[in-house]
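A.B. asks: Right, I'll just put the structure down here and ask away after.
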Amino acid sequence: MYEIFQLIHKALFFIVMILGLAVLVKAAMGLSSKSAFTETDRKLGLFFLISNHTQLLIGLVLYLFLSPFGLKAFTELGSGVMKIAEYRKIAVEHILTNIIAIALITVGYSTNKRAIDSAVRHKNALIFFGLGLVLLLSRIPWDKLF
């Protein structure tokens with residue numbers, strides 16, 4: 001069961017990254033060319049948001065119930081989990097940084113729903129989605145991904 005969820009989590013990572021890069025490129029192009037914020041831009045942001053929230057749910061199932069690096073590490077090692085870099089990265093840094101990143105992505109999408117001006121919408125997408133993507137990339141356990 002752990003391997004299946006981990007495989008889904010890894011596969012969804014690539015979808016999240018492709019959507020994230022597409023959103024950022026589209027926002028940068030829209031901002032530089034002063035083009036209108038279209039329905040395609042909105043839907044691309046929505047798919048990026050949905051894929052991140054799905055990734056979070058799968059990650060939480062892994063963290064809480066299946067992974068030896070998640071909550072099980074805390075119950076077995078207590079505060080000693082902070083002394084082991086591999087455990088600390090997954091059990092603390094990965095989960096907290098990714099929750100903050102997904103919160104930024106959610107704020108960016110919500111802000112864009114209320115904004116009227118296309119330039120503001122492209123700028124919001126570039127800032128919030130960009131920061132979220134940078135945070136996501138900063139805490140990926142690259143050694144476990146491939």
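To be explicit about the labels: the chains of the structure tokens are called A, B, and onward in the order shown, and within each one the residues are counted from 1, while ligands get numbers from 1 in the order they are shown.
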When you look at Ala22 (chain A) with a cut-off of 12 Å (counting only C-alpha atoms), what residues show up, excluding the ones that are within fewer than 5 positions of it in the same chain? I need them as JSON, numbers by chain.
C.D. replies: {"A": [15, 16, 17, 27, 28, 29, 30, 40, 41, 43, 44, 45, 47, 48, 125, 126, 129, 130, 133]}
A.B. asks: Could you list, with a cut-off of 7 Å and counting only C-alpha atoms, the residues of region 28-133 of chain A near region 138-143 of chain A, each shown with its nearest atom pair and the distance in Å rounded to one decimal, rows sorted by chain and ascending number, as a Markdown table?
C.D. replies:
| residue | atom | partner | partner_atom | distance |
| --- | --- | --- | --- | --- |
| A:Glu93 | CA | A:Arg139 | CA | 6.8 |
| A:His94 | CA | A:Arg139 | CA | 5.2 |
| A:Thr97 | CA | A:Arg139 | CA | 6.8 |
A.B. asks: Please write the residues from the selection above to a file, keeping all heavy atoms, as a PDB file, in the first residue's frame.
C.D. replies:
ATOM      1  N   GLU A  93      10.529  19.268   7.515  1.00  0.00           N
ATOM      2  CA  GLU A  93      10.746  20.316   6.516  1.00  0.00           C
ATOM      3  C   GLU A  93       9.862  20.148   5.284  1.00  0.00           C
ATOM      4  O   GLU A  93       9.260  21.112   4.814  1.00  0.00           O
ATOM      5  CB  GLU A  93      12.222  20.349   6.110  1.00  0.00           C
ATOM      6  CG  GLU A  93      13.152  20.716   7.241  1.00  0.00           C
ATOM      7  CD  GLU A  93      14.621  20.505   6.882  1.00  0.00           C
ATOM      8  OE1 GLU A  93      14.923  20.150   5.719  1.00  0.00           O
ATOM      9  OE2 GLU A  93      15.463  20.702   7.773  1.00  0.00           O
ATOM     10  N   HIS A  94       9.789  18.945   4.750  1.00  0.00           N
ATOM     11  CA  HIS A  94       9.017  18.686   3.537  1.00  0.00           C
ATOM     12  C   HIS A  94       7.543  19.022   3.737  1.00  0.00           C
ATOM     13  O   HIS A  94       6.955  19.769   2.946  1.00  0.00           O
ATOM     14  CB  HIS A  94       9.197  17.211   3.135  1.00  0.00           C
ATOM     15  CG  HIS A  94       8.444  16.795   1.915  1.00  0.00           C
ATOM     16  ND1 HIS A  94       8.806  17.184   0.656  1.00  0.00           N
ATOM     17  CD2 HIS A  94       7.351  16.003   1.763  1.00  0.00           C
ATOM     18  CE1 HIS A  94       7.965  16.648  -0.221  1.00  0.00           C
ATOM     19  NE2 HIS A  94       7.072  15.930   0.420  1.00  0.00           N
ATOM     20  N   THR A  97       6.923  23.019   4.682  1.00  0.00           N
ATOM     21  CA  THR A  97       7.197  23.908   3.553  1.00  0.00           C
ATOM     22  C   THR A  97       6.161  23.721   2.453  1.00  0.00           C
ATOM     23  O   THR A  97       5.699  24.697   1.851  1.00  0.00           O
ATOM     24  CB  THR A  97       8.610  23.667   3.009  1.00  0.00           C
ATOM     25  OG1 THR A  97       9.547  23.791   4.077  1.00  0.00           O
ATOM     26  CG2 THR A  97       8.960  24.660   1.916  1.00  0.00           C
TER      27      THR A  97
END
A.B. asks: When distances are computed from only C-alpha atoms, which of A:Ile90, A:Leu24, A:Ile105, A:Leu12 shows the smallest separation from His122 (chain A)?
C.D. replies: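 Smallest distance to His122 (chain A) is found for A:Leu24.
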A.B. asks: Have a look at A:Ile58, A:Ile116, A:Leu77, A:Ala85 and name the one nearest to Gln6 (chain A); count only C-alpha atoms.
C.D. replies: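 Nearest to Gln6 (chain A): A:Ile58.
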A.B. asks: Restricting the calculation to only C-alpha atoms: of A:His9, A:Lys26, A:Arg88, A:Arg114, which residue gets closest to His53 (chain A)?
C.D. replies: A:His9
